[in-house]
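Notes to accompany the following structure.
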Amino acid sequence: MRQATGHSLRGRLLGLMLAAIAVTSALQAAGAWRTALRNADALFDAQLQVVAQSLEHVGTAPGGGLSGFAVRIFGPGGVLLFEAGPMRLPQRPVIGFSDVVQDGVHLRVYTLQTADRTVQVAQDLDARRARARAMAWSSALPVIGLGLLLMAAVWFVIDRSLAPVERMRRQVAAREADDLSPLPEDGLPQEVRPLLHDLNLLFARVREAIDARQQFLNQAAHELRSPLAALRLQVQALRRRAQGSELATQAQVLEAGVARAAALVSQLLALAREEALPPAGDAVVPLEPACREVIGDLLPLAQSRRIDLGLQPSPPLHVRGDAPSLQVLLRNLLDNAIKYTPEGGRVDIGWEDRGERTTITVEDSGPGIAAADRERLLAAFERGAGTADAPGSGLGLAIASAVVRRHGGAMSLGESSRLGGLRVTVSLPSAP
């Protein structure tokens, strides 16, 4: 099915109005041009008549004032009484107006015949037409200029009238994905306000749904963690009582499964909580204390797998955001690196100042991730090839990515040139 394409109301209004004004102005200018040409021809013909009539009773040497005209006067019997002007006139005059070509020059000739003389007056037709066109332009240009001014006025009025709608569009486009506050209705046209009102109602319903989901998550955290913790304690007690028997081995497997289920529930709740929370605030979080605390929590896991977990020498930098969420970010990145690094390997964390951004890097000596799989592994429950036996559920990087997005940062996966494994780079807003 072919998808319908939208159109711009502003573009359509401007296009139709400007096209109508342009066509109307062009027709008016063309009419003014033609009228001016006709009037100029009539005016020049009247000049020829006036000149001829003024020479009707003049002697053989008329005075000045004949610039641009060719004149010839014949007396009784065709005797040439007078001839002057820049052009030669035809030998056989035609009474009244006529257009002739004499010596390659186009002439407009008027011949007046009286009882005792014949008067011929002529103009260069090409020069006359050039003057007529100049007069026509002087009539058409004001119409064209008025049309351009009208088009500018229409453009300004439509642009100003639709400015509130454009302002609302920019406000919506600049919003964060989780900003569901109502949009202001001030200054909007009456035709747009119902749409904005319904949009604000939709925002309110979505906000209520998110709040309900957050409340459900808070309740689910208690309802799920408590039974799993109790079940784990009971399995541990069963394993101790059945120590030395086959039942103890089965209880140990059951305890590992319960522990994995508890970790999965905890990660799911952490991912849902990060995705539901609003953007992080501007609190100043020092990186070194937060990182040392997370390293201290994960050090037993690293030691149990003989992994060298270290903090690279880094300057004392601060970032903007939420301290608990940033600790969740660091914990998931380091925990993920420890789990997927072979025993006896190495995991390092460090950071550096990049002006308005601070870059945190976590590197390991594990197998790394193929370039084609890096983008995919940022989604939930996605795991790399050859990691089926490693503990985990594919949520660590997804949680870290959610935290980074909430802090207005960026996260990328690459190859560690120093350790040979995976290199995770996180860019966060710096704080003084």
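Convention: chains lettered A, B, ... in structure tokens order; per-chain residue numbering from 1; ligands numbered from 1 as shown.
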For segment 363-369 of chain A: contacts at 9 Å, only C-alpha atoms, fewer than 4 positions along chain excluded, given as an MDAnalysis selection string
chainID A and resid 334 337:338 340:342 345:350 373:374 377 384:385 413:416 418:425
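Going from atom CA of Leu188 of chain A over to atom CA of Leu201 of chain A, you cover 17.0 Å.
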Exercise: Leu228 of chain A partners within 7 Å, only C-alpha atoms, chain neighbours under 4 positions left out, as number ranges by chain: A: 224, 232, 258, 262
Emit the selected residues as a CSV table (one decimal), in the first residue's frame, including N, CA and C atoms.
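The resulting part_23.csv:
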chain,number,residue,atom,x,y,z
A,224,LEU,N,8.7,-9.7,44.3
A,224,LEU,CA,9.6,-10.7,43.6
A,224,LEU,C,10.9,-11.0,44.4
A,232,ARG,N,15.9,-18.8,48.5
A,232,ARG,CA,17.3,-19.0,48.5
A,232,ARG,C,17.8,-19.5,49.9
A,258,VAL,N,18.2,-20.4,41.6
A,258,VAL,CA,17.5,-19.3,42.4
A,258,VAL,C,18.3,-18.0,42.4
A,262,ALA,N,17.2,-14.5,40.8
A,262,ALA,CA,17.2,-13.2,41.6
A,262,ALA,C,17.9,-12.1,40.9
Neighbour list for Ala204 of chain A as number ranges by chain, cut-off 8 Å, only C-alpha atoms, skip fewer than 3 positions in-chain = A: 180-182, 200-201, 207-208
Can I get the selected residues back with C-alpha atoms, as a PDB file, in the first residue's frame?
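The resulting again.pdb:
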ATOM      1  CA  LEU A 180       5.227  14.883  28.846  1.00  0.00           C
ATOM      2  CA  SER A 181       4.447  18.301  30.308  1.00  0.00           C
ATOM      3  CA  PRO A 182       1.551  20.202  28.654  1.00  0.00           C
ATOM      4  CA  ASN A 200      -1.978  17.604  25.971  1.00  0.00           C
ATOM      5  CA  LEU A 201      -4.669  15.113  27.003  1.00  0.00           C
ATOM      6  CA  ARG A 207       2.163  10.191  31.976  1.00  0.00           C
ATOM      7  CA  GLU A 208      -0.467   8.352  34.023  1.00  0.00           C
TER       8      GLU A 208
END
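Considering the residues A:Val94, A:Ala19, A:Val79, A:Met168 and counting only C-alpha atoms, Gly147 of chain A has its shortest atom-to-atom contact with A:Ala19.
Ranking A:Val50, A:Ala22, A:Ala242, A:Leu125 by their shortest atom-to-atom distance to Val143 of chain A, with only C-alpha atoms included, puts A:Ala22 first.
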As a check of understanding: the span from atom CA of Gly75 of chain A to atom CA of Gln120 of chain A is 11.8 Å
Q.
For a quick check of understanding, using only C-alpha atoms, which of A:Met17, A:Ala290, A:Ala163, A:Ala248 has the smallest distance to Leu150 of chain A?
A.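 Under the stated criterion, the closest residue is A:Met17.
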Just want the 12 Å neighbourhood of Leu298 of chain A, counted on only C-alpha atoms, with same-chain residues fewer than 4 positions away dropped. Output as a list in words. Cys291, Arg292, Glu293, Val294, Ala302, Gln303, Ser304, Arg305, Ile307, Asp308, Leu309, Gly310, Leu330, Arg331, Asn332, Leu333, Leu334, Asp335, Asn336, Ala337, Ile338, Lys339 and Val347 of chain A
Using only C-alpha atoms, the best pick from A:His57, A:Arg108, A:Arg306, A:Arg117 as closest to Pro76 of chain A would be A:Arg117
* Apply DSSP to the structure's backbone, then extract all residues of segment 184-235 of chain A labelled helix (DSSP H, G or I) and return them as a ChimeraX atom specification. => /A:193-235
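Put simply, atom CA of Glu185 of chain A is 26.5 Å away from atom CA of Ala153 of chain A.
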